>>> print(open('start-v8.cif').read())   # mmCIF, C-alpha atoms
data_work
loop_
_atom_site.label_atom_id
_atom_site.label_comp_id
_atom_site.auth_asym_id
_atom_site.auth_seq_id
_atom_site.Cartn_x
_atom_site.Cartn_y
_atom_site.Cartn_z
CA MET A 113 39.22 39.83 172.22
CA SER A 114 38.41 42.94 174.23
CA THR A 115 37.10 43.03 177.82
CA GLN A 116 36.10 46.26 179.55
CA VAL A 117 34.62 47.87 182.62
CA ASN A 118 31.67 50.11 181.70
CA ASP A 119 32.84 53.31 183.32
CA ARG A 120 34.48 56.53 182.15
CA PRO A 121 37.42 56.43 181.89
CA LYS A 122 37.34 52.69 181.29
CA LEU A 123 39.88 49.91 181.63
CA VAL A 124 40.19 47.72 178.55
CA LEU A 125 42.08 44.48 178.15
CA HIS A 126 43.37 43.77 174.64
CA SER A 127 44.25 40.19 173.81
CA GLU A 128 44.67 38.09 170.69
CA ALA A 129 44.22 34.39 171.38
CA LEU A 130 47.11 33.36 169.15
CA GLN A 131 49.42 36.21 170.14
CA PRO A 132 50.03 36.30 173.94
CA GLU A 133 52.78 38.86 173.43
CA SER A 134 50.14 41.37 172.21
CA ARG A 135 48.25 41.45 175.52
CA CYS A 136 48.08 44.90 177.09
CA ILE A 137 45.86 47.12 179.26
CA ASP A 138 44.42 50.48 178.16
CA ILE A 139 42.69 53.32 179.97
CA GLU A 140 40.36 54.83 177.37
CA ASN A 141 38.34 58.06 177.27
CA VAL A 142 40.84 60.07 179.30
CA GLU A 143 40.22 63.81 179.07
CA PRO A 144 42.54 65.55 176.55
CA ASP A 145 43.56 68.11 179.19
CA LEU A 146 44.80 65.34 181.46
CA LEU A 147 46.78 63.73 178.65
CA ALA A 148 48.30 67.11 177.76
CA ALA A 149 49.31 67.62 181.39
CA LEU A 150 50.98 64.20 181.40
CA GLY A 151 52.92 65.06 178.27
CA ASP A 152 54.25 68.21 179.95
CA CYS A 153 55.24 66.46 183.18
CA ALA A 154 58.99 66.26 183.82
CA GLN A 155 58.69 62.88 185.57
CA VAL A 156 55.97 61.37 183.44
CA ASP A 157 57.18 57.77 183.83
CA GLN A 158 56.83 57.83 187.63
CA LEU A 159 53.41 59.50 187.35
CA LEU A 160 52.13 56.93 184.85
CA GLN A 161 53.29 54.11 187.12
CA SER A 162 51.25 55.58 189.99
CA ILE A 163 47.97 55.99 188.10
CA LEU A 164 47.86 52.83 185.95
CA ARG A 165 49.07 49.75 187.80
CA VAL A 166 48.90 46.02 187.13
CA ARG A 167 49.50 43.55 189.93
CA VAL A 168 49.22 39.83 190.56
CA VAL A 169 46.49 38.82 193.03
CA GLU A 170 46.03 35.55 194.86
CA PRO A 171 42.44 34.22 194.86
CA GLY A 172 41.04 34.17 198.39
CA ALA A 173 43.62 36.60 199.77
CA PRO A 174 42.47 39.83 201.51
CA GLU A 175 41.43 42.54 199.09
CA ASP A 176 44.43 44.74 199.86
CA ASP A 177 46.96 41.88 199.87
CA TYR A 178 48.71 42.36 196.52
CA LEU A 179 51.98 41.03 195.21
CA PRO A 180 54.41 43.62 193.73
CA ASP A 181 53.57 45.40 190.48
CA VAL A 182 54.03 43.60 187.17
CA SER A 183 57.06 45.00 185.38
CA GLY A 184 56.14 46.91 182.21
CA ARG A 185 56.12 50.22 180.37
CA HIS A 186 53.49 52.89 179.72
CA GLU A 187 52.54 54.74 176.55
CA ILE A 188 50.38 57.85 176.16
CA LEU A 189 47.76 57.29 173.42
CA PRO A 190 45.64 59.91 171.61
CA SER A 191 42.72 59.22 173.97
CA GLY A 192 44.20 57.22 176.82
CA ILE A 193 47.12 55.38 178.41
CA ARG A 194 48.49 51.88 177.69
CA PHE A 195 50.35 49.43 179.89
CA ILE A 196 52.53 46.87 178.08
CA PRO A 197 54.14 44.17 180.26
CA HIS A 198 57.83 43.51 179.74
CA PHE A 199 56.96 39.82 179.56
CA PRO A 200 53.60 38.49 178.29
CA PHE A 201 50.77 37.94 180.77
CA GLU A 202 50.75 34.23 181.58
CA SER A 203 47.93 31.71 181.54
CA GLY A 204 46.68 30.62 184.95
CA VAL A 205 47.83 33.79 186.73
CA HIS A 206 45.25 36.20 188.21
CA TYR A 207 45.91 39.91 187.58
CA ARG A 208 44.33 43.16 188.75
CA ALA A 209 44.61 46.43 186.79
CA SER A 210 43.73 49.69 188.52
CA PHE A 211 43.38 53.29 187.39
CA ASP A 212 43.62 56.01 190.04
CA ALA A 213 43.30 59.59 188.80
CA GLY A 214 44.18 61.02 192.22
CA PRO A 215 47.86 61.79 191.38
CA LEU A 216 46.58 63.82 188.39
CA GLY A 217 44.74 66.21 190.70
CA CYS A 218 41.40 65.46 189.08
CA SER A 219 38.62 66.02 191.64
CA GLU A 220 35.93 64.64 189.33
CA LEU A 221 37.45 61.14 189.14
CA THR A 222 37.60 59.99 192.75
CA GLU A 223 36.70 56.33 192.25
CA VAL A 224 39.51 53.90 191.43
CA ALA A 225 38.67 51.77 188.38
CA ILE A 226 39.45 48.06 188.79
CA LEU A 227 39.69 45.25 186.25
CA ASP A 228 40.46 41.64 187.29
CA PHE A 229 41.51 39.28 184.53
CA SER A 230 43.26 36.01 183.78
CA PHE A 231 43.82 33.76 180.79
CA GLN A 232 42.73 30.17 180.35
CA GLY A 233 45.14 27.50 179.32
CA GLU A 234 48.04 25.55 180.71
CA MET A 235 50.22 27.57 183.03
CA ASN A 236 53.93 27.60 182.37
CA THR A 237 55.37 25.12 184.86
CA VAL A 238 58.99 26.22 184.45
CA LEU A 239 59.65 28.20 187.60
CA SER A 240 62.32 30.85 187.84
CA HIS A 241 65.46 30.21 189.90
CA VAL A 242 68.79 31.69 190.94
CA GLU A 243 71.30 30.94 188.21
CA LYS A 244 74.46 32.23 189.87
CA VAL A 245 75.85 34.45 192.61
CA PHE A 246 78.97 36.54 192.03
CA PRO A 247 81.74 36.55 193.15
CA SER A 248 81.62 32.89 192.28
CA ASP A 249 84.58 31.75 194.42
CA ASP A 250 83.98 29.93 197.70
CA ALA A 251 86.88 31.84 199.33
CA LEU A 252 86.24 35.59 199.58
CA PRO A 253 88.24 38.41 201.23
CA GLU A 254 87.22 39.93 204.55
CA ASN A 255 86.56 43.32 202.95
CA LEU A 256 84.25 42.01 200.21
CA LEU A 257 82.07 44.88 199.00
CA ARG A 258 79.07 43.31 197.23
CA PHE A 259 77.29 40.28 195.78
CA TYR A 260 75.41 40.05 192.49
CA VAL A 261 72.50 37.60 192.24
CA ARG A 262 71.50 36.52 188.73
CA PHE A 263 67.98 35.11 188.29
CA SER A 264 66.75 33.06 185.33
CA CYS A 265 63.99 35.59 184.51
CA SER A 266 62.74 39.03 185.51
CA MET A 267 61.80 39.46 189.14
CA GLN A 268 59.68 41.87 191.19
CA ARG A 269 60.83 44.39 193.78
CA GLY A 270 60.04 44.50 197.45
CA ARG A 271 61.04 41.12 198.91
CA ALA A 272 64.84 41.14 199.17
CA GLU A 273 65.02 42.41 202.75
CA GLU A 274 62.73 39.65 203.99
CA HIS A 275 64.01 36.76 201.92
CA ILE A 276 67.76 37.39 201.49
CA LYS A 277 69.93 36.76 204.56
CA LEU A 278 73.58 36.24 205.41
CA LEU A 279 74.02 33.48 207.97
CA GLY A 280 77.01 33.37 210.28
CA PRO A 281 79.05 30.32 211.34
CA ASP A 282 76.33 29.40 213.85
CA GLY A 283 73.66 29.26 211.14
CA GLU A 284 71.88 32.35 212.50
CA PRO A 285 71.47 35.64 210.57
CA ALA A 286 74.61 37.76 211.01
CA PRO A 287 73.41 41.10 212.49
CA ASP A 288 73.95 44.44 210.72
CA VAL A 289 76.02 42.92 207.92
CA LEU A 290 73.99 43.60 204.76
CA TYR A 291 73.22 47.17 203.74
CA ARG A 292 69.50 47.71 203.09
CA PRO A 293 69.12 50.59 200.59
CA PRO A 294 65.84 52.50 200.39
CA VAL A 295 65.31 51.04 196.88
CA GLU A 296 66.47 47.56 195.90
CA LEU A 297 69.36 47.65 193.44
CA TRP A 298 68.05 45.87 190.31
CA ASP A 299 69.29 46.34 186.75
CA LEU A 300 66.89 47.30 183.96
CA SER A 301 66.17 43.67 183.06
CA MET A 302 65.16 42.96 186.70
CA ARG A 303 67.27 39.80 186.52
CA HIS A 304 70.33 41.03 188.42
CA LEU A 305 70.22 42.21 192.03
CA THR A 306 73.14 43.93 193.77
CA ILE A 307 73.56 43.18 197.49
CA LEU A 308 75.96 45.43 199.39
CA LEU A 309 77.76 44.65 202.60
CA ASP A 310 77.62 47.54 205.07
CA PRO A 311 80.18 50.04 203.69
CA GLY A 312 80.36 51.82 207.07
CA ARG A 313 81.76 48.68 208.64
CA LEU A 314 84.22 48.17 205.78
CA LYS A 315 85.93 51.56 206.19
CA ARG A 316 88.49 51.24 208.99
CA GLY A 317 88.57 53.97 211.58
CA VAL A 318 84.98 55.18 211.20
CA GLY A 319 82.17 54.73 213.74
CA PRO A 320 80.45 51.48 212.63
CA ASN A 321 83.80 49.75 212.01
CA ARG A 322 85.15 50.80 215.39
CA GLU A 323 82.01 49.70 217.22
CA LEU A 324 81.14 46.48 215.35
CA GLY A 325 84.22 45.53 213.35
CA PRO A 326 84.09 44.44 209.69
CA PRO A 327 80.94 42.72 208.33
CA LEU A 328 82.87 39.50 207.69
CA MET A 329 85.59 37.99 209.90
CA GLN A 330 88.65 36.30 208.46
CA GLY A 331 88.75 32.56 209.07
CA ARG A 332 85.00 32.15 209.48
CA GLU A 333 82.41 30.59 207.17
CA TYR A 334 79.16 32.24 206.07
CA THR A 335 76.14 31.38 203.91
CA LEU A 336 74.25 33.78 201.65
CA VAL A 337 70.64 32.58 201.48
CA ILE A 338 68.15 33.63 198.77
CA GLY A 339 64.79 32.36 199.99
CA SER A 340 62.00 30.88 197.89
CA GLY A 341 59.80 33.85 198.79
CA MET A 342 61.42 35.92 196.01
CA VAL A 343 58.76 36.48 193.30
CA ASP A 344 59.18 36.68 189.54
CA SER A 345 57.46 39.10 187.16
CA SER A 346 54.48 36.71 186.85
CA GLY A 347 53.96 36.65 190.60
CA ARG A 348 55.29 33.14 191.19
CA PRO A 349 57.86 32.28 193.89
CA ILE A 350 61.21 31.00 192.68
CA ARG A 351 61.95 27.29 192.51
CA ASP A 352 63.46 26.20 195.83
CA GLY A 353 65.96 28.58 197.41
CA PHE A 354 69.66 29.17 196.90
CA HIS A 355 72.60 28.88 199.30
CA LYS A 356 76.12 30.14 198.68
CA ARG A 357 78.58 28.98 201.31
CA PHE A 358 82.00 30.62 201.49
CA ARG A 359 84.94 31.06 203.82
CA VAL A 360 86.58 34.39 204.54
CA THR A 361 90.23 35.04 203.71
CA GLU A 362 92.52 38.00 204.39
CA PRO A 363 91.42 41.45 203.15
CA VAL A 364 92.72 43.00 199.90
CA ARG A 365 93.68 46.65 200.30
CA GLU A 366 95.73 47.57 197.27
CA ARG A 367 94.86 49.05 193.92
CA ILE A 368 94.48 47.02 190.71
CA PHE A 369 97.89 46.71 189.04
CA VAL A 370 97.11 46.57 185.33
CA ASP A 371 100.75 45.81 184.50
CA GLN A 372 100.33 42.44 186.27
CA TRP A 373 97.69 41.28 183.82
CA LYS A 374 98.51 38.68 181.19
CA ILE A 375 97.17 39.19 177.67
CA ILE A 376 96.57 36.29 175.27
CA ALA A 377 96.38 37.61 171.70
CA PRO A 378 94.31 35.87 168.98
CA ALA A 379 95.43 34.83 165.52
CA THR A 380 95.04 37.25 162.63
CA GLU A 381 92.05 36.61 160.30
CA SER A 382 90.40 34.47 162.99
CA LEU A 383 87.40 34.81 165.30
CA GLU A 384 89.46 33.70 168.28
CA PRO A 385 88.98 35.77 171.44
CA VAL A 386 91.57 38.05 172.94
CA ALA A 387 91.85 37.20 176.64
CA LEU A 388 93.04 38.91 179.81
CA MET A 389 94.11 36.96 182.90
CA PHE A 390 93.98 38.67 186.30
CA PRO A 391 95.91 37.73 189.46
CA ARG A 392 92.76 38.22 191.60
CA PRO A 393 89.00 38.34 190.90
CA LEU A 394 87.55 41.57 189.54
CA ASP A 395 83.99 42.91 189.80
CA TRP A 396 81.75 40.73 187.61
CA ALA A 397 79.34 43.47 186.48
CA LEU A 398 81.96 46.16 185.84
CA LEU A 399 84.02 43.77 183.69
CA TYR A 400 81.25 43.98 181.06
CA HIS A 401 81.51 47.78 180.83
CA ALA A 402 84.93 48.97 182.00
CA ILE A 403 87.12 47.06 179.50
CA THR A 404 86.79 47.56 175.75
CA ILE A 405 88.80 46.88 172.59
CA ALA A 406 89.66 49.68 170.15
CA SER A 407 91.53 49.84 166.88
CA GLU A 408 94.69 51.87 166.46
CA ALA A 409 92.51 54.71 165.17
CA GLY A 410 90.43 54.59 168.36
CA GLU A 411 87.34 52.98 166.82
CA PRO A 412 85.56 50.46 169.10
CA VAL A 413 85.64 46.83 167.94
CA GLU A 414 82.28 45.02 167.98
CA GLY A 415 82.06 41.67 169.72
CA ARG A 416 80.97 39.70 172.75
CA ILE A 417 82.48 39.59 176.25
CA ALA A 418 82.77 36.48 178.43
CA ILE A 419 83.76 36.34 182.13
CA GLU A 420 85.19 33.04 183.33
CA GLN A 421 87.42 31.27 185.86
CA GLY A 422 86.04 32.92 188.96
CA GLU A 423 86.10 36.42 187.42
CA ARG A 424 89.85 36.06 186.80
CA ARG A 425 89.54 35.76 183.01
CA TRP A 426 88.03 38.30 180.60
CA SER A 427 87.73 37.47 176.93
CA PHE A 428 86.40 39.26 173.87
CA LYS A 429 85.27 37.48 170.70
CA PRO A 430 85.01 39.84 167.70
CA LYS A 431 81.98 40.05 165.43
CA PHE A 432 84.28 39.99 162.39
CA PRO A 433 87.70 38.31 161.93
CA TRP A 434 90.70 40.16 163.31
CA ALA A 435 92.57 42.20 160.73
CA ALA A 436 96.31 42.77 161.01
CA GLY A 437 97.24 45.87 162.97
CA THR A 438 97.58 47.34 166.44
CA TYR A 439 94.73 47.20 168.93
CA ASN A 440 94.28 48.60 172.41
CA VAL A 441 92.64 47.06 175.45
CA ARG A 442 91.14 50.14 177.10
CA ILE A 443 90.54 50.03 180.87
CA ALA A 444 88.34 52.61 182.60
CA SER A 445 89.64 53.91 185.92
CA SER A 446 86.21 53.01 187.38
CA LEU A 447 86.98 49.27 187.09
CA GLU A 448 86.92 47.60 190.52
CA ASP A 449 87.93 44.34 192.09
CA ILE A 450 85.53 42.59 194.45
CA CYS A 451 86.68 44.81 197.33
CA GLY A 452 86.11 48.13 195.54
CA ASN A 453 89.78 48.76 194.72
CA THR A 454 90.38 50.48 191.36
CA PRO A 455 93.40 51.11 189.10
CA VAL A 456 93.52 54.57 190.70
CA GLY A 457 93.69 53.51 194.34
CA ALA A 458 92.51 51.24 197.13
CA PHE A 459 88.95 51.48 198.47
CA ASP A 460 90.16 51.61 202.07
CA ARG A 461 93.63 53.05 202.69
CA PRO A 462 94.74 53.49 206.32
CA PHE A 463 94.57 57.10 207.48
CA ARG A 464 98.16 56.89 208.67
CA ALA A 465 99.49 55.90 205.26
CA ALA A 466 101.20 58.48 203.08
CA ARG A 467 99.25 59.70 200.13
CA HIS A 468 100.24 58.07 196.87
CA GLN A 469 99.64 59.81 193.60
CA PHE A 470 98.35 57.52 190.88
CA ASP A 471 97.80 58.22 187.23
CA ASP A 472 94.17 59.41 187.39
CA THR A 473 93.49 59.40 183.67
CA SER A 474 90.00 58.36 182.62
CA ARG A 475 91.34 55.35 180.73
CA ARG A 476 94.54 53.37 180.38
CA SER A 477 95.43 51.04 177.54
CA ILE A 478 97.26 47.79 176.85
CA PRO A 479 98.32 47.54 173.19
CA PHE A 480 98.65 44.26 171.28
CA LEU A 481 99.82 43.70 167.72
CA LEU A 482 98.41 41.27 165.18
CA ALA A 483 100.82 40.74 162.32
#
>>> encode(input="start-v8.cif", output="structure tokens")
Amino acid sequence: MSTQVNDRPKLVLHSEALQPESRCIDIENVEPDLLAALGDCAQVDQLLQSILRVRVVEPGAPEDDYLPDVSGRHEILPSGIRFIPHFPFESGVHYRASFDAGPLGCSELTEVAILDFSFQGEMNTVLSHVEKVFPSDDALPENLLRFYVRFSCSMQRGRAEEHIKLLGPDGEPAPDVLYRPPVELWDLSMRHLTILLDPGRLKRGVGPNRELGPPLMQGREYTLVIGSGMVDSSGRPIRDGFHKRFRVTEPVRERIFVDQWKIIAPATESLEPVALMFPRPLDWALLYHAITIASEAGEPVEGRIAIEQGERRWSFKPKFPWAAGTYNVRIASSLEDICGNTPVGAFDRPFRAARHQFDDTSRRSIPFLLA
């Protein structure tokens, strides 16, 4: 099926009834000079996102009341531009595609082309939700640096400031606690959102800390609230909301001591995981990137990582059975605990403390032998 607006350039919707994953939007009959200019642009991705947009619209809402853009990618075609959503357009959802040639500097194309479309059929009733918040413990140190929120599917930008709050012991929003970056901190999948506590208030001795104290206060209880106004990539609000209640314990202001870790080696010729046990929780996201397994020759071992037991256990299951030999657990110096402390040093050392010199190598290793 192909639906179009009779204008030049023209918006075209491509859809195969039996293949929802093939649905995409094209701008056809774009002048070759404009396409050539796009190909030469250093920031072509940002430019494409500004001229060909797809958004969810709510029937009956004001004309300029759009939900955030549908997440997707753009391709330059021989005679036009294509938008391909990261997840298929869904039945029962109303979309609006728009083409605005203004950012291209084309004075001849001043009118914005619009195409409204939707698909018949039963709408997916499985709503997205918050799967987990990390750190997962319900007792967190006073100098906690960040939270990670994991959603069940891809989300849209632009609603975190309004719908994510940290409530104090009185149930009211704690003032000036969460840092609001200019751009929300999502990963590429748009399923994981990083929420920072105000780093200015975490650093002792600087202005915000002196005036307001730390964001969290030891001995008190707080609640992180993710409201139901968060919207997924299909424009639907999440199912219910999410509350994470936790109490605040004493701060942690010392580096990560790798020599305090416990290693549990697997059996040779097995697919058992090798595991590391930590005395305190480490950063959930960095654990997937900052620890790797290498052979004695330095070759990386393929496998899958799991984080368990309140981010105190890291395990690695190999793709192929372990062969006899020496292996190395390699730890990047960028690894952090949940307070931002690294193997190199503490995130917040008192100014009065003497300077300690740590081994600032890019990686350190823990060997283990399989006989």
>>> closest_atom_pairs(input="start-v8.cif", of="region 389-411 of chain A", to="region 300-320 of chain A", cutoff="12 Å", atoms="all atoms listed in the file", output="Markdown table")
| residue | atom | partner | partner_atom | distance |
| --- | --- | --- | --- | --- |
| A:Asp395 | CA | A:Thr306 | CA | 11.6 |
| A:Trp396 | CA | A:Thr306 | CA | 11.1 |
| A:Ala397 | CA | A:His304 | CA | 9.5 |
>>> write_last_selection(input="start-v8.cif", atoms="C-alpha atoms", output="compact mmCIF listing (two decimals), keeping the file's coordinate frame")
# COMPACT_ATOMS: atom_id res chain seq x y z
CA ASP A 395 83.99 42.91 189.80
CA TRP A 396 81.75 40.73 187.61
CA ALA A 397 79.34 43.47 186.48
>>> closest_residue(input="start-v8.cif", among="A:Arg269, A:Arg292, A:Arg167, A:Arg367", to="Ser346 (chain A)", atoms="all atoms listed in the file")
A:Arg167
>>> residues_around(input="start-v8.cif", residues="Ile193 (chain A)", least_positions_apart="3", cutoff="7 Å", atoms="only C-alpha atoms", output="list in words")
Asp138, Ile139, Glu140, His186, Glu187, Ile188 and Leu189 of chain A
>>> resolve_selection(input="start-v8.cif", expression="the PyMOL selection byres ((chain A and resi 270-279) around 8)", output="list in words")
Pro180, Gln268, Arg269, Gly280, Pro281, Asp282, Gly283, Glu284, Pro285, Ala286, Val289, Leu290, Arg292, Glu296, Tyr334, Thr335, Leu336, Val337, Ile338, Gly339, Ser340, Gly341, Met342 and Val343 of chain A
>>> resolve_selection(input="start-v8.cif", expression="the PyMOL selection byres ((chain A and resi 255) around 8)", output="PyMOL selection string")
chain A and resi 253-254+256-257+314+326-328+363-364+451
>>> resolve_selection(input="start-v8.cif", expression="the PyMOL selection byres ((chain A and resi 196) around 9)", output="JSON list (two decimals) with C-alpha atoms, keeping the file's coordinate frame")
[["chain", "number", "residue", "atom", "x", "y", "z"],
["A", 134, "SER", "CA", 50.14, 41.37, 172.21],
["A", 135, "ARG", "CA", 48.25, 41.45, 175.52],
["A", 136, "CYS", "CA", 48.08, 44.90, 177.09],
["A", 137, "ILE", "CA", 45.86, 47.12, 179.26],
["A", 138, "ASP", "CA", 44.42, 50.48, 178.16],
["A", 183, "SER", "CA", 57.06, 45.00, 185.38],
["A", 184, "GLY", "CA", 56.14, 46.91, 182.21],
["A", 185, "ARG", "CA", 56.12, 50.22, 180.37],
["A", 186, "HIS", "CA", 53.49, 52.89, 179.72],
["A", 187, "GLU", "CA", 52.54, 54.74, 176.55],
["A", 194, "ARG", "CA", 48.49, 51.88, 177.69],
["A", 195, "PHE", "CA", 50.35, 49.43, 179.89],
["A", 197, "PRO", "CA", 54.14, 44.17, 180.26],
["A", 198, "HIS", "CA", 57.83, 43.51, 179.74],
["A", 199, "PHE", "CA", 56.96, 39.82, 179.56],
["A", 200, "PRO", "CA", 53.60, 38.49, 178.29]]
>>> residues_near_point(input="start-v8.cif", point="(82.0, 48.4, 178.6)", cutoff="10 Å", atoms="only C-alpha atoms", output="ChimeraX atom specification")
/A:397-405,417,442-444,447
>>> write_last_selection(input="start-v8.cif", atoms="C-alpha atoms", output="PDB file, in the coordinates of the input")
ATOM      1  CA  ALA A 397      79.340  43.470 186.480  1.00  0.00           C
ATOM      2  CA  LEU A 398      81.960  46.160 185.840  1.00  0.00           C
ATOM      3  CA  LEU A 399      84.020  43.770 183.690  1.00  0.00           C
ATOM      4  CA  TYR A 400      81.250  43.980 181.060  1.00  0.00           C
ATOM      5  CA  HIS A 401      81.510  47.780 180.830  1.00  0.00           C
ATOM      6  CA  ALA A 402      84.930  48.970 182.000  1.00  0.00           C
ATOM      7  CA  ILE A 403      87.120  47.060 179.500  1.00  0.00           C
ATOM      8  CA  THR A 404      86.790  47.560 175.750  1.00  0.00           C
ATOM      9  CA  ILE A 405      88.800  46.880 172.590  1.00  0.00           C
ATOM     10  CA  ILE A 417      82.480  39.590 176.250  1.00  0.00           C
ATOM     11  CA  ARG A 442      91.140  50.140 177.100  1.00  0.00           C
ATOM     12  CA  ILE A 443      90.540  50.030 180.870  1.00  0.00           C
ATOM     13  CA  ALA A 444      88.340  52.610 182.600  1.00  0.00           C
ATOM     14  CA  LEU A 447      86.980  49.270 187.090  1.00  0.00           C
TER      15      LEU A 447
END
>>> residues_around(input="start-v8.cif", residues="Phe432 (chain A)", least_positions_apart="4", cutoff="12 Å", atoms="all atoms listed in the file", output="ChimeraX atom specification")
/A:380-385,413-416,428
>>> atom_distance(input="start-v8.cif", atom1="CA of Phe354 (chain A)", atom2="CA of Pro247 (chain A)")
14.6 Å
